[in-house]
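Input: a single structure, listed below in structure tokens.
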Amino acid sequence: MPVNKKSYEQIIADLGSRHVTLVAVSKTKSVEEIKELYDLGQKDFGENYVQELATKQAQLPKDIRWHFIGHLQGNKVKQIAPFIHLIQSVDSYRLLQKINKEGLKNDRVIECLLQVHIAQEETKFGLDENELNELINMNSDEPASPAGRLQELKNVQIRGLMGMASFTDDMKKVRAEFKHLKSIFDKLQTLNSEFRTLSMGMSADYPIAIEEGSTMIRIGSLIFGARD
Ligand SMILES: *Cc1c(COP(=O)(O)O)cnc(C)c1O
């Protein structure tokens, strides 16, 4: 299926001068389709599966910024560590350790977002607020905390948060979930100046996400058409 150029240009126009990054979610789409969008100027692409991403990355221009947005297993980090631009779906300290180790091997600092569970659905991955606080507090300088364990991970840089709203037509509910995530983000940003990215908003809800303070949207079907 060809890229929906009109829709792509509409999104770019909507973003206008706002500082919001568009990540084109290309999961299940071919390298030809990705190349078509790349040729229109798109440089940020998102993928959910490690093997699919690694295969595509090898075939496509090297200046593409690849975002990993799916559930990531520790034993697969090494396949994407050499090139990944941003891992948006970090949901545990263990995974951060793994990413740090692979970052070190590749002599690079790998940027990550922590995925926060804001939807009511059970199926969505991510940290709940307690787990997030626990992980973030590792950053604290208090001697009683787990000794700044996060800061020991020199080859990982946490840049912010990612979240997905409930899959529902109830846009009031979606808005409330985005508002909630933004409030968590704001709180963390006052503690940590390295925090700058709030990734929220997909095809069905990105205008609301932008109104609620998103700095990065992840759009698949609106650009590439429905997935099989
Ligand atoms: C698939 C996916 C998207 C894009 O979804 P669309 O509704 O097609 O825009 C965004 N974020 C994540 C985490 C995804 O898995």
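Residues in the structure tokens are numbered from 1 in each chain, the chains being A, B, ... in the order shown, and ligands are numbered from 1 in the order shown.
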
Quiz prompt | Close residues to ligand 1 using only C-alpha atoms and all ligand atoms, limit 9 Å, as a ChimeraX atom specification | solution = /A:23-27,46-48,68-71,88-89,162-164,199-206,217-227

The selected residues should be written to file as a compact mmCIF listing (two decimals), in the first residue's frame (atoms: N, CA and C atoms).
```txt
# COMPACT_ATOMS: atom_id res chain seq x y z
N VAL A 23 7.22 10.47 15.12
CA VAL A 23 7.82 9.16 14.86
C VAL A 23 6.82 8.37 14.00
N ALA A 24 7.25 7.99 12.80
CA ALA A 24 6.39 7.21 11.91
C ALA A 24 6.53 5.74 12.30
N VAL A 25 5.43 5.14 12.73
CA VAL A 25 5.48 3.75 13.20
C VAL A 25 5.29 2.80 12.01
N SER A 26 6.37 2.10 11.67
CA SER A 26 6.41 1.33 10.43
C SER A 26 6.32 -0.18 10.63
N LYS A 27 5.93 -0.62 11.81
CA LYS A 27 5.82 -2.06 12.07
C LYS A 27 4.91 -2.72 11.02
N GLY A 46 9.54 4.22 14.02
CA GLY A 46 9.38 3.38 15.20
C GLY A 46 9.00 1.96 14.84
N GLU A 47 9.58 1.00 15.56
CA GLU A 47 9.30 -0.42 15.33
C GLU A 47 9.07 -1.14 16.67
N ASN A 48 8.30 -2.22 16.62
CA ASN A 48 7.94 -2.96 17.83
C ASN A 48 8.67 -4.28 18.03
N PHE A 68 12.68 2.23 19.30
CA PHE A 68 12.07 0.96 19.66
C PHE A 68 10.91 1.24 20.60
N ILE A 69 9.71 0.77 20.21
CA ILE A 69 8.51 1.12 20.99
C ILE A 69 7.73 -0.10 21.48
N GLY A 70 8.26 -1.30 21.22
CA GLY A 70 7.55 -2.51 21.65
C GLY A 70 8.12 -3.07 22.94
N HIS A 71 7.55 -4.16 23.39
CA HIS A 71 8.07 -4.79 24.60
C HIS A 71 9.45 -5.37 24.30
N GLN A 88 11.99 3.46 23.76
CA GLN A 88 10.90 4.18 24.43
C GLN A 88 10.15 3.32 25.44
N SER A 89 10.49 2.05 25.51
CA SER A 89 9.62 1.11 26.23
C SER A 89 10.31 0.44 27.40
N MET A 162 7.14 7.59 28.19
CA MET A 162 6.24 7.21 27.09
C MET A 162 5.00 6.58 27.69
N GLY A 163 3.85 6.85 27.08
CA GLY A 163 2.62 6.21 27.55
C GLY A 163 1.60 6.05 26.44
N MET A 164 0.71 5.11 26.64
CA MET A 164 -0.39 4.87 25.70
C MET A 164 -1.71 5.01 26.45
N SER A 199 6.59 11.19 25.25
CA SER A 199 6.07 10.52 24.04
C SER A 199 4.66 10.02 24.30
N MET A 200 3.67 10.73 23.77
CA MET A 200 2.29 10.27 23.88
C MET A 200 1.49 10.78 22.69
N GLY A 201 0.55 9.94 22.22
CA GLY A 201 -0.27 10.29 21.07
C GLY A 201 -0.03 9.36 19.90
N MET A 202 -1.11 8.74 19.41
CA MET A 202 -1.06 7.83 18.27
C MET A 202 -2.08 8.32 17.22
N SER A 203 -2.34 7.51 16.19
CA SER A 203 -3.22 7.97 15.10
C SER A 203 -4.55 8.51 15.61
N ALA A 204 -5.15 7.80 16.56
CA ALA A 204 -6.52 8.14 16.96
C ALA A 204 -6.59 9.30 17.95
N ASP A 205 -5.47 9.62 18.59
CA ASP A 205 -5.58 10.57 19.70
C ASP A 205 -4.47 11.63 19.73
N TYR A 206 -3.69 11.73 18.65
CA TYR A 206 -2.54 12.64 18.74
C TYR A 206 -2.90 14.12 18.92
N ILE A 217 5.02 12.30 19.05
CA ILE A 217 3.86 11.47 18.74
C ILE A 217 4.31 10.27 17.89
N ARG A 218 3.60 9.18 18.02
CA ARG A 218 3.96 7.94 17.32
C ARG A 218 2.77 7.53 16.44
N ILE A 219 2.93 7.75 15.13
CA ILE A 219 1.80 7.56 14.22
C ILE A 219 2.08 6.45 13.22
N GLY A 220 1.21 5.46 13.19
CA GLY A 220 1.34 4.37 12.23
C GLY A 220 0.27 4.41 11.16
N SER A 221 -0.91 3.90 11.50
CA SER A 221 -1.95 3.67 10.50
C SER A 221 -2.39 4.92 9.73
N LEU A 222 -2.34 6.05 10.34
CA LEU A 222 -2.77 7.28 9.65
C LEU A 222 -1.84 7.59 8.47
N ILE A 223 -0.60 7.18 8.58
CA ILE A 223 0.37 7.45 7.52
C ILE A 223 0.49 6.27 6.56
N PHE A 224 0.58 5.07 7.13
CA PHE A 224 0.86 3.88 6.31
C PHE A 224 -0.39 3.09 5.93
N GLY A 225 -1.54 3.49 6.44
CA GLY A 225 -2.75 2.69 6.23
C GLY A 225 -2.87 1.62 7.29
N ALA A 226 -4.04 0.99 7.34
CA ALA A 226 -4.31 -0.01 8.38
C ALA A 226 -3.34 -1.18 8.25
N ARG A 227 -3.00 -1.77 9.41
CA ARG A 227 -2.15 -2.96 9.40
C ARG A 227 -3.03 -4.21 9.28
```

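The protein and nucleic acid residues lying at most 8 Å from Val20 (chain A) are A:Leu15, A:Ile210, A:Ser214, A:Thr215, A:Met216, A:Ile217, with only C-alpha atoms considered and sequence neighbours fewer than 3 positions away removed.
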
Write a file of the just-selected residues containing all heavy atoms, as a short mmCIF file (atom, residue, chain, number, x, y, z; two decimals), in the first residue's frame.
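Generated output (selection_21.cif):
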```cif
data_model
loop_
_atom_site.label_atom_id
_atom_site.label_comp_id
_atom_site.auth_asym_id
_atom_site.auth_seq_id
_atom_site.Cartn_x
_atom_site.Cartn_y
_atom_site.Cartn_z
N LEU A 15 1.57 19.94 13.21
CA LEU A 15 2.67 20.13 14.17
C LEU A 15 3.22 21.55 14.05
O LEU A 15 3.61 22.15 15.04
CB LEU A 15 3.78 19.10 13.94
CG LEU A 15 3.39 17.63 14.18
CD1 LEU A 15 4.59 16.72 14.00
CD2 LEU A 15 2.81 17.45 15.58
N ILE A 210 -1.19 16.32 21.90
CA ILE A 210 -0.43 17.56 21.71
C ILE A 210 -1.01 18.68 22.59
O ILE A 210 -0.26 19.41 23.24
CB ILE A 210 -0.41 17.96 20.22
CG1 ILE A 210 0.43 16.95 19.43
CG2 ILE A 210 0.15 19.38 20.04
CD1 ILE A 210 0.34 17.11 17.93
N SER A 214 2.27 16.76 24.82
CA SER A 214 3.18 15.79 24.22
C SER A 214 4.32 16.49 23.49
O SER A 214 4.13 17.55 22.88
CB SER A 214 2.40 14.92 23.23
OG SER A 214 3.29 14.12 22.49
N THR A 215 5.52 15.87 23.51
CA THR A 215 6.62 16.40 22.70
C THR A 215 7.02 15.42 21.60
O THR A 215 7.92 15.68 20.82
CB THR A 215 7.89 16.70 23.54
OG1 THR A 215 8.48 15.46 23.95
CG2 THR A 215 7.55 17.54 24.77
N MET A 216 6.35 14.26 21.58
CA MET A 216 6.67 13.25 20.57
C MET A 216 5.43 12.39 20.32
O MET A 216 4.85 11.86 21.27
CB MET A 216 7.82 12.37 21.09
CG MET A 216 8.31 11.31 20.11
SD MET A 216 9.77 10.45 20.74
CE MET A 216 11.08 11.60 20.26
N ILE A 217 5.02 12.30 19.05
CA ILE A 217 3.86 11.47 18.74
C ILE A 217 4.31 10.27 17.89
O ILE A 217 5.30 10.35 17.17
CB ILE A 217 2.74 12.26 18.04
CG1 ILE A 217 3.25 12.93 16.77
CG2 ILE A 217 2.16 13.30 19.01
CD1 ILE A 217 2.14 13.61 15.95
#
```

Self-check item: Residues near Phe178 (chain A), cut-off 7 Å, only C-alpha atoms, skip fewer than 4 positions along chain, as a list of chain:residue names
Solution: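 Contacts, in chain order: A:Ala165, A:Val174, A:Lys182, A:Ala209, A:Glu212.
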
Requested write-out: all heavy atoms of the selected residues, as an mmCIF file, in the first residue's frame:
```
data_model
loop_
_atom_site.group_PDB
_atom_site.id
_atom_site.type_symbol
_atom_site.label_atom_id
_atom_site.label_comp_id
_atom_site.auth_asym_id
_atom_site.auth_seq_id
_atom_site.Cartn_x
_atom_site.Cartn_y
_atom_site.Cartn_z
ATOM 1 N N ALA A 165 -2.624 5.774 25.866
ATOM 2 C CA ALA A 165 -3.932 5.925 26.496
ATOM 3 C C ALA A 165 -4.788 4.687 26.218
ATOM 4 O O ALA A 165 -4.451 3.865 25.376
ATOM 5 C CB ALA A 165 -4.625 7.171 25.953
ATOM 6 N N VAL A 174 -9.399 9.559 27.496
ATOM 7 C CA VAL A 174 -8.068 9.637 26.891
ATOM 8 C C VAL A 174 -7.357 10.917 27.341
ATOM 9 O O VAL A 174 -6.191 10.892 27.745
ATOM 10 C CB VAL A 174 -8.195 9.589 25.343
ATOM 11 C CG1 VAL A 174 -6.894 9.982 24.668
ATOM 12 C CG2 VAL A 174 -8.638 8.193 24.891
ATOM 13 N N LYS A 182 1.249 13.752 31.857
ATOM 14 C CA LYS A 182 1.963 15.037 31.797
ATOM 15 C C LYS A 182 2.298 15.534 33.201
ATOM 16 O O LYS A 182 3.378 16.091 33.435
ATOM 17 C CB LYS A 182 1.102 16.067 31.047
ATOM 18 C CG LYS A 182 1.658 17.487 31.011
ATOM 19 C CD LYS A 182 2.943 17.574 30.203
ATOM 20 C CE LYS A 182 3.264 18.990 29.714
ATOM 21 N NZ LYS A 182 3.556 19.939 30.771
ATOM 22 N N ALA A 209 -3.269 14.573 22.542
ATOM 23 C CA ALA A 209 -1.964 14.429 23.205
ATOM 24 C C ALA A 209 -1.151 15.715 23.085
ATOM 25 O O ALA A 209 -0.521 16.154 24.053
ATOM 26 C CB ALA A 209 -1.204 13.243 22.605
ATOM 27 N N GLU A 212 -2.309 18.309 25.321
ATOM 28 C CA GLU A 212 -1.972 18.015 26.720
ATOM 29 C C GLU A 212 -0.467 18.015 26.989
ATOM 30 O O GLU A 212 -0.027 17.611 28.058
ATOM 31 C CB GLU A 212 -2.603 16.679 27.144
ATOM 32 C CG GLU A 212 -4.133 16.680 27.128
ATOM 33 C CD GLU A 212 -4.752 17.793 27.998
ATOM 34 O OE1 GLU A 212 -4.124 18.201 28.996
ATOM 35 O OE2 GLU A 212 -5.861 18.252 27.658
#
```

Self-check item: Residue neighbourhood Asp44 (chain A), 9 Å, only C-alpha atoms, exclusion window fewer than 5 positions, as a list in words
Solution: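 Returned residues: Thr21, Leu22, Val23, Ala24, Val25, Tyr38, Ile64, Arg65, Trp66, His67 and His85 of chain A.
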
Practice problem: Give the helix (DSSP H, G or I) residues of chain A, as assigned by DSSP on the backbone, as a ChimeraX atom specification. | Solution: /A:5-15,31-38,50-59,74-80,93-105,129-137,171-191,206-211,221-224

Practice problem: Work out how far apart CA of Tyr93 (chain A) and CA of Ser193 (chain A) are and give it in Å to one decimal. | Solution: 20.2 Å

Self-check item: Shell around Gln97 (chain A) at 9 Å using only C-alpha atoms, local window under 6 positions removed, as a PyMOL selection string
Solution: chain A and resi 74+150+153+156

Residues from the last selection, C-alpha atoms, saved as a tab-separated table (two decimals), in the first residue's frame:
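So again_13.tsv came out as:
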```
chain	number	residue	atom	x	y	z
A	74	GLY	CA	16.73	-8.31	27.77
A	150	LEU	CA	20.66	4.67	38.14
A	153	LEU	CA	24.57	3.15	34.48
A	156	VAL	CA	22.19	4.77	29.60
```

Exercise. Taking the DSSP assignment computed from this structure's backbone, write out as a PyMOL selection string all residues of chain A that belong to strand (DSSP E).
Key: chain A and resi 21-25+44-47+65-68+86-90+110-117+156-164+197-199+216-219

Practice problem: List the neighbours of Asp107 (chain A) out to 9 Å using only C-alpha atoms; skip same-chain residues closer than 4 positions along the sequence, and give me the result as a PyMOL selection string. | Solution: chain A and resi 82+102-103+155

For region 128-133 of chain A: contacts at 7 Å, only C-alpha atoms, fewer than 2 positions along chain excluded, given as a compact mmCIF listing (two decimals) with all heavy atoms, in the first residue's frame:
```txt
# COMPACT_ATOMS: atom_id res chain seq x y z
N VAL A 116 5.24 4.30 30.98
CA VAL A 116 4.33 4.35 32.13
C VAL A 116 2.96 3.84 31.71
O VAL A 116 2.44 4.18 30.64
CB VAL A 116 4.21 5.80 32.66
CG1 VAL A 116 3.34 5.84 33.92
CG2 VAL A 116 5.57 6.38 32.96
N HIS A 117 2.40 3.03 32.56
CA HIS A 117 1.08 2.45 32.31
C HIS A 117 0.01 3.44 32.77
O HIS A 117 -0.17 3.64 33.96
CB HIS A 117 1.02 1.15 33.12
CG HIS A 117 -0.26 0.43 33.00
ND1 HIS A 117 -0.37 -0.71 32.24
CD2 HIS A 117 -1.47 0.66 33.52
CE1 HIS A 117 -1.62 -1.14 32.31
NE2 HIS A 117 -2.30 -0.33 33.08
N GLY A 126 4.19 -1.58 30.83
CA GLY A 126 4.68 -0.33 31.41
C GLY A 126 4.72 -0.37 32.93
O GLY A 126 4.18 -1.27 33.56
N LEU A 135 11.86 3.29 40.76
CA LEU A 135 12.98 3.30 39.83
C LEU A 135 13.68 4.66 39.83
O LEU A 135 14.90 4.75 39.90
CB LEU A 135 12.45 2.97 38.43
CG LEU A 135 13.39 2.21 37.50
CD1 LEU A 135 12.61 1.54 36.40
CD2 LEU A 135 14.43 3.10 36.92
N ILE A 136 12.88 5.72 39.78
CA ILE A 136 13.43 7.07 39.72
C ILE A 136 14.13 7.46 41.01
O ILE A 136 15.16 8.13 41.00
CB ILE A 136 12.31 8.09 39.40
CG1 ILE A 136 11.80 7.87 37.98
CG2 ILE A 136 12.78 9.51 39.60
CD1 ILE A 136 12.79 8.26 36.91
N ASN A 137 13.60 7.03 42.12
CA ASN A 137 14.21 7.39 43.39
C ASN A 137 15.60 6.80 43.57
O ASN A 137 16.36 7.24 44.41
CB ASN A 137 13.32 6.99 44.56
CG ASN A 137 12.18 7.97 44.72
OD1 ASN A 137 12.30 9.12 44.29
ND2 ASN A 137 11.09 7.53 45.30
```

Self-check item: Between CA of Leu60 (chain A) and CA of Gln42 (chain A) - distance in Å to one decimal
Solution: 12.7 Å

Quiz item: When you draw a straight line from CA of Lys76 (chain A) to CA of Glu111 (chain A), how long is it in Å?
Solution: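 About the pair CA of Lys76 (chain A) and CA of Glu111 (chain A): they are 16.5 Å apart.
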